[in-house]
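Everything below concerns the one structure shown next.
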Amino acid sequence: MSKDFLETILTRHSVRHFTGEPVSGDDLKKVLKAGMSAPSAVNTQPWAFIVVTKKKLLDLLCESLSYAKMLDKAGAAVIVCGVPDKDKDYASKFWVMDCSAATENILLAVHGLGLGAVWTAVYPDEEKIKAVREILKIPSEIIPLNVIPIGVPVGDERPKDKFKKENIHREIW
Ligand SMILES: Cc1cc2nc3c(=O)[nH]c(=O)nc-3n(C[C@H](O)[C@H](O)[C@H](O)COP(=O)(O)O)c2cc1C
């Protein structure tokens, strides 16, 4: 593993303060490519991504999601959605894990591009799912898992050191 890549993982952190500058289409494409490169159970890829850059829609999401107020200064948002019906044996069981893997890839790609992002919760809160569905006109077979505001970081947030020996259940070398 290259040092740069490990450094990207270790320094990724939630960014909740953005300058309000836009995010380029090129960067958003790279971010989506990273999301779609994630592993999924039996490679079912039970996901659907929505990219929002329109200020009006970002503001509507901001008004409806109490823990996503940073959307007011985000340049874009990616909504990671699950499609459980894509496959009856695997997608229905594993879509949350698959979409979470895609989300982490997106967060890492954003950080690697010098931008900032944060996972904000939608699923499994029924009210939040309904609100996001209505604003973005998402059909019932697609379930929004989260909203990821993306933007240019103001620069006042830092990664936390989360390595804890007590979180290792057992070491067997
Ligand atoms: C499932 C999940 C839901 C989260 N929901 C929110 C949220 O609604 N709003 C928010 O500001 N951060 C949210 N976060 C971000 C966490 O607060 C953050 O990842 C955690 O505090 C660790 O900080 P770090 O990302 O900087 O390492 C969520 C993270 C996860 C994994």
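Starting from 1 in every chain, residues are counted up; chains themselves are A, B, ... following the order of the structure tokens, and ligands are numbered from 1 as listed.
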
Using only C-alpha atoms, find each residue of range 56-102 of chain A with at least one atom at most 12 Å away from an atom of range 120-131 of chain A; report its shortest atom-to-atom pair and that distance in Å (one decimal), sort the rows by chain and rising residue number, and return the result as a Markdown table.
```
| residue | atom | partner | partner_atom | distance |
| --- | --- | --- | --- | --- |
| A:Leu57 | CA | A:Ala131 | CA | 11.9 |
| A:Leu60 | CA | A:Ala131 | CA | 9.4 |
| A:Leu61 | CA | A:Ala131 | CA | 8.0 |
| A:Cys62 | CA | A:Ala131 | CA | 10.7 |
| A:Glu63 | CA | A:Ala131 | CA | 9.9 |
| A:Ser64 | CA | A:Ala131 | CA | 6.5 |
| A:Leu65 | CA | A:Lys128 | CA | 6.7 |
| A:Ser66 | CA | A:Lys128 | CA | 9.2 |
| A:Tyr67 | CA | A:Thr120 | CA | 6.7 |
| A:Ala68 | CA | A:Thr120 | CA | 6.0 |
| A:Lys69 | CA | A:Thr120 | CA | 9.6 |
| A:Met70 | CA | A:Thr120 | CA | 9.7 |
| A:Leu71 | CA | A:Thr120 | CA | 9.9 |
| A:Ala77 | CA | A:Thr120 | CA | 10.4 |
| A:Val78 | CA | A:Thr120 | CA | 10.5 |
| A:Ile79 | CA | A:Val122 | CA | 9.4 |
| A:Val80 | CA | A:Val122 | CA | 9.8 |
| A:Cys81 | CA | A:Tyr123 | CA | 9.2 |
| A:Gly82 | CA | A:Tyr123 | CA | 9.8 |
| A:Trp95 | CA | A:Tyr123 | CA | 11.7 |
| A:Val96 | CA | A:Tyr123 | CA | 9.1 |
| A:Cys99 | CA | A:Tyr123 | CA | 11.2 |
| A:Ser100 | CA | A:Tyr123 | CA | 11.2 |
```

task = Check the DSSP output for the backbone and give back, as JSON, numbers by chain, the residues of range 18-121 of chain A in alpha helix (DSSP H).
result = {"A": [25, 26, 27, 28, 29, 30, 31, 32, 33, 34, 35, 36, 55, 56, 57, 58, 59, 60, 61, 62, 63, 64, 91, 92, 93, 94, 95, 96, 97, 98, 99, 100, 101, 102, 103, 104, 105, 106, 107, 108, 109, 110, 111, 112]}

request  = Please measure the separation of CA of Phe18 in chain A and CA of Ser37 in chain A, giving the value in Å to one decimal.
outcome  = 26.4 Å

inquiry  = Residues within 12 Å of Lys55 in chain A, please, as a list in words. Count only C-alpha atoms; anything in the same chain fewer than 3 positions from it doesn't count.
reply    =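 Non-adjacent residues within range: Gly20, Glu21, Pro22, Val52, Leu58, Asp59, Leu60, Leu61, Cys62, Leu71, Asp72, Lys73, Ala74, Gly75, Ala76, Ala77 and Pro149 of chain A.
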
query = What is the atom 12 (N, counted along the ligand's line) of ligand 1 to CA of Thr44 in chain A distance in Å?
reply = 27.6 Å

remark   = In Å and to one decimal, CA of Ala48 in chain A is distant from CA of Val83 in chain A by 6.9 Å

query = Between A:Asp156, A:Gly114, A:Ala109, A:Val147, which one has atoms that come closest to Ile9 in chain A, using only C-alpha atoms?
reply = A:Ala109

remark   = Among A:Asn105, A:Asn167, A:Asn146, A:Thr53, Lys30 in chain A is approached most closely, using only C-alpha atoms, by A:Asn105

note = If you count only C-alpha atoms, the residue of A:Ala41, A:Val15, A:Ile50, A:Ala91 closest to Arg133 in chain A turns out to be A:Ile50

inquiry  = Could you list, as a PyMOL selection string, every residue within 9 Å of Leu28 in chain A, counting only C-alpha atoms and ignoring same-chain residues fewer than 4 positions away?
reply    = chain A and resi 23-24+32-33+51+76+78+110

inquiry  = If you run DSSP on the backbone here, which positions in chain A get strand (DSSP E)? Please write them as a VMD selection string.
reply    = chain A and resid 47 to 52 76 to 82 116 to 117 120 to 121 143 to 151

Same residues, C-alpha atoms, saved as a PDB file, in the first residue's frame:
```pdb
ATOM      1  CA  TRP A  47     -26.970   1.353  -5.343  1.00  0.00           C
ATOM      2  CA  ALA A  48     -28.238   4.457  -7.084  1.00  0.00           C
ATOM      3  CA  PHE A  49     -26.521   7.818  -6.646  1.00  0.00           C
ATOM      4  CA  ILE A  50     -28.134  11.232  -6.873  1.00  0.00           C
ATOM      5  CA  VAL A  51     -25.952  14.298  -7.373  1.00  0.00           C
ATOM      6  CA  VAL A  52     -27.374  17.668  -6.365  1.00  0.00           C
ATOM      7  CA  ALA A  76     -22.872  19.798  -3.888  1.00  0.00           C
ATOM      8  CA  ALA A  77     -24.364  16.744  -2.236  1.00  0.00           C
ATOM      9  CA  VAL A  78     -24.324  13.085  -3.164  1.00  0.00           C
ATOM     10  CA  ILE A  79     -27.254  11.015  -1.948  1.00  0.00           C
ATOM     11  CA  VAL A  80     -26.329   7.350  -1.695  1.00  0.00           C
ATOM     12  CA  CYS A  81     -29.425   5.201  -2.183  1.00  0.00           C
ATOM     13  CA  GLY A  82     -30.039   1.468  -1.959  1.00  0.00           C
ATOM     14  CA  GLY A 116     -14.455  17.966   2.481  1.00  0.00           C
ATOM     15  CA  ALA A 117     -17.586  15.903   3.214  1.00  0.00           C
ATOM     16  CA  THR A 120     -25.398  12.711   7.299  1.00  0.00           C
ATOM     17  CA  ALA A 121     -28.031  10.229   8.347  1.00  0.00           C
ATOM     18  CA  ILE A 143     -34.150   4.041  -0.455  1.00  0.00           C
ATOM     19  CA  PRO A 144     -31.955   7.016   0.457  1.00  0.00           C
ATOM     20  CA  LEU A 145     -29.302   5.843   2.939  1.00  0.00           C
ATOM     21  CA  ASN A 146     -27.578   9.157   3.528  1.00  0.00           C
ATOM     22  CA  VAL A 147     -26.900  12.656   2.229  1.00  0.00           C
ATOM     23  CA  ILE A 148     -23.224  13.587   1.781  1.00  0.00           C
ATOM     24  CA  PRO A 149     -22.691  17.357   1.631  1.00  0.00           C
ATOM     25  CA  ILE A 150     -19.462  18.120  -0.263  1.00  0.00           C
ATOM     26  CA  GLY A 151     -17.584  21.388  -0.453  1.00  0.00           C
TER      27      GLY A 151
END
```

ask   = Using only C-alpha atoms and all ligand atoms, which of A:Val31, A:Val154, A:Leu115, A:Leu107 sits nearest ligand 1?
value =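 So, comparing all the options, the nearest one is A:Leu107.
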